[in-house]
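Text of data-v2.cif, listed as mmCIF, C-alpha atoms:
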data_run
#
loop_
_atom_site.group_PDB
_atom_site.id
_atom_site.type_symbol
_atom_site.label_atom_id
_atom_site.label_comp_id
_atom_site.auth_asym_id
_atom_site.auth_seq_id
_atom_site.Cartn_x
_atom_site.Cartn_y
_atom_site.Cartn_z
ATOM 1 C CA MET A 22 -68.765 -44.055 32.165
ATOM 2 C CA THR A 23 -71.731 -44.613 29.927
ATOM 3 C CA VAL A 24 -75.334 -43.657 30.549
ATOM 4 C CA TYR A 25 -76.098 -47.314 31.309
ATOM 5 C CA ASP A 26 -73.540 -47.313 34.128
ATOM 6 C CA ILE A 27 -74.911 -44.103 35.636
ATOM 7 C CA ILE A 28 -78.478 -45.415 35.581
ATOM 8 C CA PHE A 29 -77.343 -48.721 37.087
ATOM 9 C CA TYR A 30 -75.566 -46.989 39.962
ATOM 10 C CA LEU A 31 -78.606 -44.744 40.522
ATOM 11 C CA PHE A 32 -81.039 -47.676 40.777
ATOM 12 C CA ALA A 33 -78.623 -49.788 42.819
ATOM 13 C CA LEU A 34 -78.156 -46.895 45.253
ATOM 14 C CA ILE A 35 -81.926 -46.364 45.498
ATOM 15 C CA SER A 36 -82.641 -50.032 46.205
ATOM 16 C CA VAL A 37 -79.789 -50.791 48.610
ATOM 17 C CA GLY A 38 -80.034 -47.447 50.432
ATOM 18 C CA SER A 39 -83.765 -47.710 50.990
ATOM 19 C CA ALA A 40 -83.383 -51.367 51.990
ATOM 20 C CA PHE A 41 -80.975 -50.182 54.686
ATOM 21 C CA PHE A 42 -83.607 -47.734 55.947
ATOM 22 C CA VAL A 43 -86.300 -50.451 55.793
ATOM 23 C CA VAL A 44 -84.204 -52.572 58.099
ATOM 24 C CA THR A 45 -83.039 -49.890 60.537
ATOM 25 C CA LEU A 46 -85.883 -47.386 60.955
ATOM 26 C CA ARG A 47 -87.968 -47.875 64.070
ATOM 27 C CA ASN A 48 -91.257 -46.551 62.710
ATOM 28 C CA ILE A 49 -92.859 -49.389 60.805
ATOM 29 C CA VAL A 50 -94.864 -47.125 58.478
ATOM 30 C CA TYR A 51 -91.647 -45.413 57.341
ATOM 31 C CA SER A 52 -90.140 -48.857 56.779
ATOM 32 C CA ALA A 53 -93.083 -49.825 54.574
ATOM 33 C CA PHE A 54 -92.687 -46.662 52.503
ATOM 34 C CA PHE A 55 -88.944 -47.197 52.083
ATOM 35 C CA LEU A 56 -89.750 -50.737 50.933
ATOM 36 C CA LEU A 57 -91.666 -49.050 48.085
ATOM 37 C CA PHE A 58 -88.471 -47.304 46.932
ATOM 38 C CA THR A 59 -86.500 -50.541 47.202
ATOM 39 C CA LEU A 60 -88.994 -52.406 45.030
ATOM 40 C CA PHE A 61 -89.027 -49.512 42.560
ATOM 41 C CA GLY A 62 -85.234 -49.581 42.296
ATOM 42 C CA ILE A 63 -85.281 -53.323 41.712
ATOM 43 C CA ALA A 64 -87.828 -52.825 38.916
ATOM 44 C CA GLY A 65 -85.368 -50.353 37.373
ATOM 45 C CA LEU A 66 -82.608 -52.975 37.580
ATOM 46 C CA PHE A 67 -84.904 -55.423 35.773
ATOM 47 C CA VAL A 68 -85.385 -52.877 32.997
ATOM 48 C CA LEU A 69 -81.601 -52.525 32.712
ATOM 49 C CA LEU A 70 -81.357 -56.318 32.410
ATOM 50 C CA SER A 71 -83.807 -56.065 29.467
ATOM 51 C CA ALA A 72 -86.495 -57.988 31.359
ATOM 52 C CA ASP A 73 -89.312 -55.596 30.539
ATOM 53 C CA PHE A 74 -92.237 -57.862 31.427
ATOM 54 C CA ILE A 75 -90.734 -58.841 34.804
ATOM 55 C CA ALA A 76 -90.202 -55.163 35.606
ATOM 56 C CA VAL A 77 -93.850 -54.329 34.907
ATOM 57 C CA VAL A 78 -95.030 -57.351 36.914
ATOM 58 C CA GLN A 79 -92.749 -56.269 39.750
ATOM 59 C CA LEU A 80 -94.365 -52.829 39.755
ATOM 60 C CA VAL A 81 -97.912 -54.165 39.541
ATOM 61 C CA VAL A 82 -97.675 -57.089 41.953
ATOM 62 C CA TYR A 83 -95.137 -55.879 44.504
ATOM 63 C CA VAL A 84 -95.760 -52.147 44.621
ATOM 64 C CA GLY A 85 -99.430 -52.405 43.777
ATOM 65 C CA ALA A 86 -100.543 -55.431 45.770
ATOM 66 C CA ILE A 87 -98.038 -56.707 48.319
ATOM 67 C CA LEU A 88 -97.050 -53.289 49.643
ATOM 68 C CA VAL A 89 -100.699 -52.258 50.043
ATOM 69 C CA LEU A 90 -101.306 -55.559 51.854
ATOM 70 C CA ILE A 91 -98.374 -54.876 54.180
ATOM 71 C CA LEU A 92 -99.645 -51.347 54.868
ATOM 72 C CA PHE A 93 -103.093 -52.790 55.670
ATOM 73 C CA GLY A 94 -101.416 -55.224 58.028
ATOM 74 C CA VAL A 95 -99.564 -52.378 59.744
ATOM 75 C CA MET A 96 -102.718 -50.332 60.119
ATOM 76 C CA LEU A 97 -104.815 -53.251 61.407
ATOM 77 C CA THR A 98 -102.328 -54.545 63.953
ATOM 78 C CA SER A 99 -100.900 -51.372 65.474
ATOM 79 C CA ASN A 100 -102.613 -49.075 67.914
ATOM 80 C CA ILE A 101 -103.331 -46.188 65.593
ATOM 81 C CA THR A 102 -104.618 -44.136 68.523
ATOM 82 C CA GLN A 103 -101.063 -43.897 69.750
ATOM 83 C CA VAL A 104 -99.156 -41.453 67.626
ATOM 84 C CA LYS A 105 -95.993 -43.549 67.574
ATOM 85 C CA ILE A 106 -96.055 -46.845 65.733
ATOM 86 C CA LYS A 107 -92.714 -48.142 66.864
ATOM 87 C CA THR A 108 -91.147 -51.538 66.919
ATOM 88 C CA SER A 109 -88.014 -52.616 68.662
ATOM 89 C CA SER A 110 -85.214 -54.972 67.715
ATOM 90 C CA LEU A 111 -83.394 -57.774 69.439
ATOM 91 C CA GLN A 112 -79.686 -58.638 69.546
ATOM 92 C CA ILE A 113 -78.630 -55.948 67.085
ATOM 93 C CA ILE A 114 -74.858 -56.091 67.495
ATOM 94 C CA PRO A 115 -74.270 -59.871 67.227
ATOM 95 C CA SER A 116 -76.642 -60.177 64.296
ATOM 96 C CA ALA A 117 -75.043 -57.180 62.575
ATOM 97 C CA ILE A 118 -71.644 -58.872 62.859
ATOM 98 C CA ALA A 119 -73.074 -62.161 61.551
ATOM 99 C CA VAL A 120 -74.822 -60.425 58.647
ATOM 100 C CA LEU A 121 -71.660 -58.487 57.729
ATOM 101 C CA ILE A 122 -69.700 -61.740 57.636
ATOM 102 C CA LEU A 123 -72.456 -63.268 55.487
ATOM 103 C CA ALA A 124 -72.435 -60.323 53.067
ATOM 104 C CA PHE A 125 -68.660 -60.287 52.706
ATOM 105 C CA SER A 126 -68.451 -64.023 52.139
ATOM 106 C CA LEU A 127 -71.283 -63.907 49.571
ATOM 107 C CA ILE A 128 -69.593 -61.066 47.662
ATOM 108 C CA LYS A 129 -66.238 -62.837 47.849
ATOM 109 C CA ILE A 130 -67.762 -66.044 46.487
ATOM 110 C CA PHE A 131 -69.540 -64.168 43.691
ATOM 111 C CA LEU A 132 -66.389 -62.290 42.678
ATOM 112 C CA ASN A 133 -64.070 -65.283 42.830
ATOM 113 C CA THR A 134 -66.278 -67.615 40.813
ATOM 114 C CA ASN A 135 -65.493 -67.666 37.141
ATOM 115 C CA TRP A 136 -68.999 -67.368 35.744
ATOM 116 C CA LYS A 137 -69.531 -68.625 32.231
ATOM 117 C CA THR A 138 -71.038 -65.716 30.352
ATOM 118 C CA VAL A 139 -71.860 -65.140 26.735
ATOM 119 C CA PRO A 140 -71.374 -61.842 24.895
ATOM 120 C CA LEU A 141 -74.405 -59.603 25.186
ATOM 121 C CA THR A 142 -76.802 -59.342 22.317
ATOM 122 C CA VAL A 143 -79.518 -56.794 21.798
ATOM 123 C CA GLN A 144 -82.725 -58.370 23.020
ATOM 124 C CA SER A 145 -86.156 -57.516 21.780
ATOM 125 C CA SER A 146 -89.210 -57.586 24.037
ATOM 126 C CA SER A 147 -89.359 -60.674 26.230
ATOM 127 C CA VAL A 148 -93.155 -60.849 26.387
ATOM 128 C CA GLU A 149 -93.587 -63.079 23.347
ATOM 129 C CA GLY A 150 -90.870 -65.512 24.404
ATOM 130 C CA LEU A 151 -92.234 -65.747 27.930
ATOM 131 C CA GLY A 152 -95.743 -66.423 26.657
ATOM 132 C CA VAL A 153 -94.536 -69.180 24.329
ATOM 133 C CA LEU A 154 -92.524 -70.822 27.127
ATOM 134 C CA LEU A 155 -95.415 -70.520 29.570
ATOM 135 C CA LEU A 156 -97.936 -72.197 27.296
ATOM 136 C CA ASN A 157 -95.700 -74.921 25.841
ATOM 137 C CA GLN A 158 -92.768 -76.083 27.925
ATOM 138 C CA TYR A 159 -94.029 -74.892 31.305
ATOM 139 C CA SER A 160 -97.787 -75.324 30.884
ATOM 140 C CA VAL A 161 -98.052 -77.773 33.825
ATOM 141 C CA VAL A 162 -96.248 -75.296 36.089
ATOM 142 C CA PHE A 163 -98.596 -72.586 34.857
ATOM 143 C CA GLU A 164 -101.655 -74.671 35.811
ATOM 144 C CA LEU A 165 -100.125 -75.559 39.183
ATOM 145 C CA ILE A 166 -99.450 -71.893 39.924
ATOM 146 C CA GLY A 167 -103.077 -71.127 39.150
ATOM 147 C CA ILE A 168 -104.287 -73.868 41.530
ATOM 148 C CA LEU A 169 -101.862 -72.635 44.200
ATOM 149 C CA LEU A 170 -103.175 -69.072 43.922
ATOM 150 C CA LEU A 171 -106.737 -70.378 44.275
ATOM 151 C CA ILE A 172 -105.777 -72.375 47.370
ATOM 152 C CA ALA A 173 -103.999 -69.342 48.844
ATOM 153 C CA LEU A 174 -107.056 -67.171 48.179
ATOM 154 C CA ILE A 175 -109.475 -69.606 49.846
ATOM 155 C CA GLY A 176 -107.088 -70.295 52.715
ATOM 156 C CA ALA A 177 -106.421 -66.636 53.438
ATOM 157 C CA ALA A 178 -110.114 -65.743 53.305
ATOM 158 C CA SER A 179 -111.175 -68.599 55.590
ATOM 159 C CA MET A 180 -108.326 -67.958 58.032
ATOM 160 C CA ALA A 181 -108.937 -64.221 58.253
ATOM 161 C CA ARG A 182 -112.683 -64.672 58.872
ATOM 162 C CA ARG A 183 -112.304 -67.080 61.768
ATOM 163 C CA MET B 1 -63.238 -47.922 33.590
ATOM 164 C CA ILE B 2 -65.078 -51.113 34.443
ATOM 165 C CA HIS B 3 -68.343 -51.565 32.632
ATOM 166 C CA ILE B 4 -71.374 -52.934 34.401
ATOM 167 C CA GLY B 5 -71.353 -56.712 34.242
ATOM 168 C CA LEU B 6 -72.835 -59.698 35.951
ATOM 169 C CA ASN B 7 -70.793 -59.132 39.121
ATOM 170 C CA HIS B 8 -72.345 -55.733 39.815
ATOM 171 C CA TYR B 9 -75.841 -57.212 39.865
ATOM 172 C CA LEU B 10 -74.656 -60.095 42.045
ATOM 173 C CA ILE B 11 -73.161 -57.658 44.564
ATOM 174 C CA VAL B 12 -76.402 -55.649 44.731
ATOM 175 C CA SER B 13 -78.410 -58.832 45.255
ATOM 176 C CA SER B 14 -76.092 -60.133 47.982
ATOM 177 C CA LEU B 15 -76.348 -56.802 49.840
ATOM 178 C CA LEU B 16 -80.151 -56.941 49.638
ATOM 179 C CA PHE B 17 -80.104 -60.576 50.798
ATOM 180 C CA SER B 18 -77.985 -59.709 53.839
ATOM 181 C CA LEU B 19 -80.238 -56.784 54.764
ATOM 182 C CA GLY B 20 -83.270 -59.070 54.471
ATOM 183 C CA ILE B 21 -81.664 -61.651 56.743
ATOM 184 C CA PHE B 22 -80.860 -58.853 59.199
ATOM 185 C CA ALA B 23 -84.528 -57.778 59.254
ATOM 186 C CA VAL B 24 -85.708 -61.356 59.752
ATOM 187 C CA ILE B 25 -83.423 -62.102 62.689
ATOM 188 C CA THR B 26 -83.542 -58.785 64.561
ATOM 189 C CA ARG B 27 -86.980 -57.232 64.227
ATOM 190 C CA LYS B 28 -89.680 -58.150 66.711
ATOM 191 C CA ASN B 29 -92.698 -57.151 64.676
ATOM 192 C CA ALA B 30 -94.036 -59.966 62.479
ATOM 193 C CA ILE B 31 -94.767 -57.564 59.623
ATOM 194 C CA MET B 32 -91.141 -56.412 59.646
ATOM 195 C CA VAL B 33 -90.104 -60.061 59.392
ATOM 196 C CA LEU B 34 -92.408 -60.324 56.382
ATOM 197 C CA MET B 35 -90.743 -57.278 54.781
ATOM 198 C CA GLY B 36 -87.373 -58.972 55.292
ATOM 199 C CA ILE B 37 -88.638 -62.044 53.484
ATOM 200 C CA GLU B 38 -89.783 -59.854 50.588
ATOM 201 C CA LEU B 39 -86.281 -58.354 50.384
ATOM 202 C CA ILE B 40 -84.759 -61.853 50.286
ATOM 203 C CA LEU B 41 -87.118 -62.981 47.500
ATOM 204 C CA ASN B 42 -86.330 -59.836 45.507
ATOM 205 C CA SER B 43 -82.593 -60.417 45.775
ATOM 206 C CA ALA B 44 -83.095 -63.955 44.475
ATOM 207 C CA ASN B 45 -85.095 -62.495 41.594
ATOM 208 C CA ILE B 46 -82.253 -60.136 40.674
ATOM 209 C CA ASN B 47 -79.931 -63.146 40.501
ATOM 210 C CA PHE B 48 -82.334 -65.099 38.283
ATOM 211 C CA VAL B 49 -82.813 -62.246 35.835
ATOM 212 C CA ALA B 50 -79.113 -61.316 35.793
ATOM 213 C CA PHE B 51 -78.098 -64.890 34.972
ATOM 214 C CA ALA B 52 -80.812 -65.046 32.323
ATOM 215 C CA ARG B 53 -79.283 -61.947 30.729
ATOM 216 C CA TYR B 54 -75.598 -62.783 30.956
ATOM 217 C CA GLY B 55 -75.716 -66.563 30.731
ATOM 218 C CA ASN B 56 -76.900 -68.714 27.898
ATOM 219 C CA PHE B 57 -80.231 -69.918 29.246
ATOM 220 C CA GLY B 58 -82.778 -68.117 27.127
ATOM 221 C CA LEU B 59 -85.782 -66.837 29.012
ATOM 222 C CA THR B 60 -86.001 -69.577 31.640
ATOM 223 C CA GLY B 61 -84.473 -67.393 34.338
ATOM 224 C CA GLN B 62 -87.015 -64.646 33.743
ATOM 225 C CA LEU B 63 -89.822 -67.207 33.901
ATOM 226 C CA THR B 64 -88.522 -68.468 37.251
ATOM 227 C CA ALA B 65 -88.450 -64.880 38.528
ATOM 228 C CA LEU B 66 -92.090 -64.577 37.461
ATOM 229 C CA PHE B 67 -93.001 -67.704 39.446
ATOM 230 C CA VAL B 68 -91.130 -66.337 42.471
ATOM 231 C CA ILE B 69 -93.170 -63.111 42.279
ATOM 232 C CA ILE B 70 -96.423 -65.115 42.157
ATOM 233 C CA LEU B 71 -95.371 -67.258 45.130
ATOM 234 C CA ALA B 72 -94.422 -64.108 47.055
ATOM 235 C CA ALA B 73 -97.917 -62.719 46.474
ATOM 236 C CA ALA B 74 -99.543 -65.920 47.764
ATOM 237 C CA GLU B 75 -97.172 -66.014 50.729
ATOM 238 C CA ALA B 76 -97.907 -62.385 51.661
ATOM 239 C CA ALA B 77 -101.685 -63.007 51.616
ATOM 240 C CA ILE B 78 -101.441 -66.112 53.826
ATOM 241 C CA ALA B 79 -98.958 -64.485 56.199
ATOM 242 C CA MET B 80 -101.187 -61.449 56.600
ATOM 243 C CA ALA B 81 -104.156 -63.685 57.489
ATOM 244 C CA ILE B 82 -102.019 -65.485 60.090
ATOM 245 C CA VAL B 83 -100.768 -62.164 61.505
ATOM 246 C CA LEU B 84 -104.332 -60.855 61.848
ATOM 247 C CA ASN B 85 -105.336 -64.032 63.698
ATOM 248 C CA ILE B 86 -102.341 -63.730 66.016
ATOM 249 C CA TYR B 87 -103.228 -60.103 66.703
ATOM 250 C CA LYS B 88 -106.797 -61.111 67.567
ATOM 251 C CA MET B 89 -105.528 -63.760 69.974
ATOM 252 C CA PHE B 90 -102.586 -62.000 71.667
ATOM 253 C CA THR B 91 -103.277 -58.270 70.914
ATOM 254 C CA ASN B 92 -99.721 -57.840 69.723
ATOM 255 C CA ILE B 93 -97.619 -59.316 66.937
ATOM 256 C CA ASN B 94 -94.180 -59.356 68.526
ATOM 257 C CA VAL B 95 -92.730 -62.684 67.533
ATOM 258 C CA ASP B 96 -90.697 -63.010 70.736
ATOM 259 C CA GLU B 97 -93.729 -62.764 73.017
ATOM 260 C CA ILE B 98 -95.841 -65.362 71.232
ATOM 261 C CA ASP B 99 -94.412 -68.457 72.882
ATOM 262 C CA THR B 100 -97.500 -70.337 74.075
ATOM 263 C CA LEU B 101 -96.198 -73.577 72.601
ATOM 264 C CA LYS B 102 -93.039 -73.233 74.673
ATOM 265 C CA ASP B 103 -93.241 -75.132 77.903
#
Exercise: express the given structure as structure tokens:
Amino acid sequence: MTVYDIIFYLFALISVGSAFFVVTLRNIVYSAFFLLFTLFGIAGLFVLLSADFIAVVQLVVYVGAILVLILFGVMLTSNITQVKIKTSSLQIIPSAIAVLILAFSLIKIFLNTNWKTVPLTVQSSSVEGLGVLLLNQYSVVFELIGILLLIALIGAASMARR
Amino acid sequence: MIHIGLNHYLIVSSLLFSLGIFAVITRKNAIMVLMGIELILNSANINFVAFARYGNFGLTGQLTALFVIILAAAEAAIAMAIVLNIYKMFTNINVDEIDTLKD
């Protein structure tokens, strides 16, 4: 077992284990904090896949922005004066069975498919390649994403003020 | 000893996807549903980046993962605005109690 394998299992355990707690814990603030560990573990997996820029963006956007937004949402929509911020669940047992069937069939499909892979090569930093792709081949998508973010900003601000 | 390959990443992403689906279909709180959607988007991102690493596609998979992250940010902002409006109108955000459109 190489160091790579050990680090992979560590990050996979962090992300899947905390995702389990996100889904099952009843206190929504605890769920939000376990979501932080899940996103952190996924950023570690991105580093192992030699996607350095995506890992940093994951940390900045997800952990820095989306998680803070979710925590703001929790704080603004729960009765903070009550000590317990609890939520309940519906139909746990049937949906657990359905989700287990889904997970097993997905894993079975993934393992039985003969994926076409190429031998791994040592990759240098992906930042330069991503920038070149973004400004040449995918420049229209880049502009569209910018317009979409502007629309989302205006829409969210006008909706939240109403 | 099996070395870490594409299948390991696919298994992790399918587990995360299933947990996200579980959160979306069982939790009552709208913010928990939103967290489930974030888990689903992250599992899709793991697949994109893993195929970009092990397949022969260059950096396109990583670029798609980047777009997914941006869309998730926009989606979270809009969803939070909607949730705040719902809270103002109904004073709770349990998705099973907000059924005014139902006859």
Note to self: Using Å and a single decimal, report how far atom CA of Ile91 of chain A sits from atom CA of Ile70 of chain B.
What the structure shows: 15.9 Å
Check: Can you list, as JSON, numbers by chain, every protein, DNA or RNA residue that comes within 7 Å of Tyr54 of chain B when you count only C-alpha atoms, leaving out same-chain residues fewer than 3 positions away?
Finding: {"A": [138, 139, 141], "B": [6, 50, 51]}
Next item on the list: Determine the residue set returned by the PyMOL selection byres ((chain B and resi 91-102) around 9) for the present structure, and present it as a list in words.
Entry: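 When the PyMOL selection byres ((chain B and resi 91-102) around 9) is applied to the shown file, the picked residues are Thr98, Ser99 and Thr108 of chain A; Arg27, Lys28, Asn29, Ala30, Ile31, Val33, Val83, Leu84, Ile86, Tyr87, Lys88, Met89, Phe90 and Asp103 of chain B.
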Next item on the list: Please provide as a ChimeraX atom specification all residues within 12 Å of Asn7 of chain B, with the sequence filter that same-chain residues fewer than 3 positions apart are discarded (counting all atoms listed in the file).
Entry: /A:127-138 /B:2-4,10-14,46-47,50-51,54
If you apply the PyMOL selection byres ((chain A and resi 72-78) around 7) to this file, what residues do you get, as a CSV table (one decimal) with C-alpha atoms, keeping the file's coordinate frame?
chain,number,residue,atom,x,y,z
A,64,ALA,CA,-87.8,-52.8,38.9
A,67,PHE,CA,-84.9,-55.4,35.8
A,68,VAL,CA,-85.4,-52.9,33.0
A,70,LEU,CA,-81.4,-56.3,32.4
A,71,SER,CA,-83.8,-56.1,29.5
A,79,GLN,CA,-92.7,-56.3,39.8
A,80,LEU,CA,-94.4,-52.8,39.8
A,81,VAL,CA,-97.9,-54.2,39.5
A,82,VAL,CA,-97.7,-57.1,42.0
A,146,SER,CA,-89.2,-57.6,24.0
A,147,SER,CA,-89.4,-60.7,26.2
A,148,VAL,CA,-93.2,-60.8,26.4
B,62,GLN,CA,-87.0,-64.6,33.7
B,66,LEU,CA,-92.1,-64.6,37.5
Check: Which residue gives the smallest distance to chain B among A:Ser39, A:Ile175, A:Met180, A:Phe58, with all atoms listed in the file counted?
Finding: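 Under the stated criterion, the closest residue is A:Met180.
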Centre, edges in Å (one decimal): axis-aligned box, segment 52-55 of chain B, 3 Å padding on all six sides, as JSON:
{"center_x": -78.2, "center_y": -64.3, "center_z": 31.5, "size_x": 11.2, "size_y": 10.6, "size_z": 7.6}
Item checked: atom CA of Val68 of chain B to atom CA of Val44 of chain A, distance in Å rounded to a single decimal ->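 Straight-line distance from atom CA of Val68 of chain B to atom CA of Val44 of chain A works out to 21.9 Å.
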Next item on the list: Using only C-alpha atoms, pick whichever of A:Ser126, A:Ser179, A:Ser110, A:Asn157 has the shortest atom-to-atom distance to chain B.
Entry: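 The closest residue to chain B is A:Ser110.
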Would you please take segment 39-48 of chain B of the structure in the block above and write all heavy atoms to a file as a PDB file, in the first residue's frame?
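New file decode_22.pdb:
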ATOM      1  N   LEU B  39     -24.401  17.915  -2.271  1.00  0.00           N
ATOM      2  CA  LEU B  39     -23.703  16.620  -2.276  1.00  0.00           C
ATOM      3  C   LEU B  39     -23.786  15.974  -3.654  1.00  0.00           C
ATOM      4  O   LEU B  39     -22.787  15.429  -4.157  1.00  0.00           O
ATOM      5  CB  LEU B  39     -24.325  15.685  -1.253  1.00  0.00           C
ATOM      6  CG  LEU B  39     -23.912  15.851   0.196  1.00  0.00           C
ATOM      7  CD1 LEU B  39     -24.585  14.800   1.041  1.00  0.00           C
ATOM      8  CD2 LEU B  39     -22.420  15.712   0.322  1.00  0.00           C
ATOM      9  N   ILE B  40     -24.966  16.042  -4.282  1.00  0.00           N
ATOM     10  CA  ILE B  40     -25.135  15.420  -5.604  1.00  0.00           C
ATOM     11  C   ILE B  40     -24.208  16.086  -6.622  1.00  0.00           C
ATOM     12  O   ILE B  40     -23.517  15.421  -7.403  1.00  0.00           O
ATOM     13  CB  ILE B  40     -26.605  15.507  -6.043  1.00  0.00           C
ATOM     14  CG1 ILE B  40     -27.472  14.644  -5.137  1.00  0.00           C
ATOM     15  CG2 ILE B  40     -26.768  15.065  -7.465  1.00  0.00           C
ATOM     16  CD1 ILE B  40     -28.934  14.819  -5.377  1.00  0.00           C
ATOM     17  N   LEU B  41     -24.164  17.437  -6.596  1.00  0.00           N
ATOM     18  CA  LEU B  41     -23.315  18.151  -7.561  1.00  0.00           C
ATOM     19  C   LEU B  41     -21.851  17.815  -7.336  1.00  0.00           C
ATOM     20  O   LEU B  41     -21.076  17.654  -8.281  1.00  0.00           O
ATOM     21  CB  LEU B  41     -23.546  19.656  -7.424  1.00  0.00           C
ATOM     22  CG  LEU B  41     -24.898  20.150  -7.921  1.00  0.00           C
ATOM     23  CD1 LEU B  41     -25.075  21.597  -7.578  1.00  0.00           C
ATOM     24  CD2 LEU B  41     -24.995  19.981  -9.405  1.00  0.00           C
ATOM     25  N   ASN B  42     -21.451  17.649  -6.050  1.00  0.00           N
ATOM     26  CA  ASN B  42     -20.061  17.315  -5.774  1.00  0.00           C
ATOM     27  C   ASN B  42     -19.712  15.927  -6.268  1.00  0.00           C
ATOM     28  O   ASN B  42     -18.600  15.700  -6.754  1.00  0.00           O
ATOM     29  CB  ASN B  42     -19.807  17.420  -4.277  1.00  0.00           C
ATOM     30  CG  ASN B  42     -19.256  18.765  -3.915  1.00  0.00           C
ATOM     31  OD1 ASN B  42     -18.183  19.104  -4.350  1.00  0.00           O
ATOM     32  ND2 ASN B  42     -20.008  19.535  -3.185  1.00  0.00           N
ATOM     33  N   SER B  43     -20.661  14.980  -6.153  1.00  0.00           N
ATOM     34  CA  SER B  43     -20.354  13.635  -6.632  1.00  0.00           C
ATOM     35  C   SER B  43     -20.199  13.643  -8.152  1.00  0.00           C
ATOM     36  O   SER B  43     -19.317  12.964  -8.698  1.00  0.00           O
ATOM     37  CB  SER B  43     -21.448  12.666  -6.206  1.00  0.00           C
ATOM     38  OG  SER B  43     -22.582  12.832  -7.002  1.00  0.00           O
ATOM     39  N   ALA B  44     -21.021  14.445  -8.834  1.00  0.00           N
ATOM     40  CA  ALA B  44     -20.852  14.571 -10.283  1.00  0.00           C
ATOM     41  C   ALA B  44     -19.496  15.166 -10.621  1.00  0.00           C
ATOM     42  O   ALA B  44     -18.821  14.728 -11.566  1.00  0.00           O
ATOM     43  CB  ALA B  44     -21.968  15.436 -10.859  1.00  0.00           C
ATOM     44  N   ASN B  45     -19.045  16.128  -9.798  1.00  0.00           N
ATOM     45  CA  ASN B  45     -17.740  16.737 -10.038  1.00  0.00           C
ATOM     46  C   ASN B  45     -16.614  15.730  -9.888  1.00  0.00           C
ATOM     47  O   ASN B  45     -15.657  15.751 -10.660  1.00  0.00           O
ATOM     48  CB  ASN B  45     -17.520  17.874  -9.041  1.00  0.00           C
ATOM     49  CG  ASN B  45     -17.900  19.186  -9.630  1.00  0.00           C
ATOM     50  OD1 ASN B  45     -18.169  19.265 -10.814  1.00  0.00           O
ATOM     51  ND2 ASN B  45     -17.920  20.200  -8.817  1.00  0.00           N
ATOM     52  N   ILE B  46     -16.720  14.848  -8.880  1.00  0.00           N
ATOM     53  CA  ILE B  46     -15.683  13.819  -8.719  1.00  0.00           C
ATOM     54  C   ILE B  46     -15.612  12.956  -9.975  1.00  0.00           C
ATOM     55  O   ILE B  46     -14.530  12.644 -10.467  1.00  0.00           O
ATOM     56  CB  ILE B  46     -15.977  12.953  -7.486  1.00  0.00           C
ATOM     57  CG1 ILE B  46     -15.824  13.766  -6.222  1.00  0.00           C
ATOM     58  CG2 ILE B  46     -15.024  11.771  -7.415  1.00  0.00           C
ATOM     59  CD1 ILE B  46     -16.106  12.960  -5.001  1.00  0.00           C
ATOM     60  N   ASN B  47     -16.790  12.602 -10.527  1.00  0.00           N
ATOM     61  CA  ASN B  47     -16.779  11.793 -11.748  1.00  0.00           C
ATOM     62  C   ASN B  47     -16.098  12.525 -12.894  1.00  0.00           C
ATOM     63  O   ASN B  47     -15.281  11.958 -13.606  1.00  0.00           O
ATOM     64  CB  ASN B  47     -18.210  11.457 -12.149  1.00  0.00           C
ATOM     65  CG  ASN B  47     -18.672  10.170 -11.546  1.00  0.00           C
ATOM     66  OD1 ASN B  47     -17.979   9.627 -10.693  1.00  0.00           O
ATOM     67  ND2 ASN B  47     -19.800   9.703 -11.967  1.00  0.00           N
ATOM     68  N   PHE B  48     -16.441  13.816 -13.075  1.00  0.00           N
ATOM     69  CA  PHE B  48     -15.843  14.577 -14.174  1.00  0.00           C
ATOM     70  C   PHE B  48     -14.322  14.604 -14.059  1.00  0.00           C
ATOM     71  O   PHE B  48     -13.604  14.336 -15.021  1.00  0.00           O
ATOM     72  CB  PHE B  48     -16.377  16.011 -14.166  1.00  0.00           C
ATOM     73  CG  PHE B  48     -17.686  16.173 -14.870  1.00  0.00           C
ATOM     74  CD1 PHE B  48     -18.767  16.745 -14.223  1.00  0.00           C
ATOM     75  CD2 PHE B  48     -17.842  15.783 -16.175  1.00  0.00           C
ATOM     76  CE1 PHE B  48     -19.974  16.896 -14.857  1.00  0.00           C
ATOM     77  CE2 PHE B  48     -19.048  15.935 -16.827  1.00  0.00           C
ATOM     78  CZ  PHE B  48     -20.104  16.495 -16.161  1.00  0.00           C
TER      79      PHE B  48
END
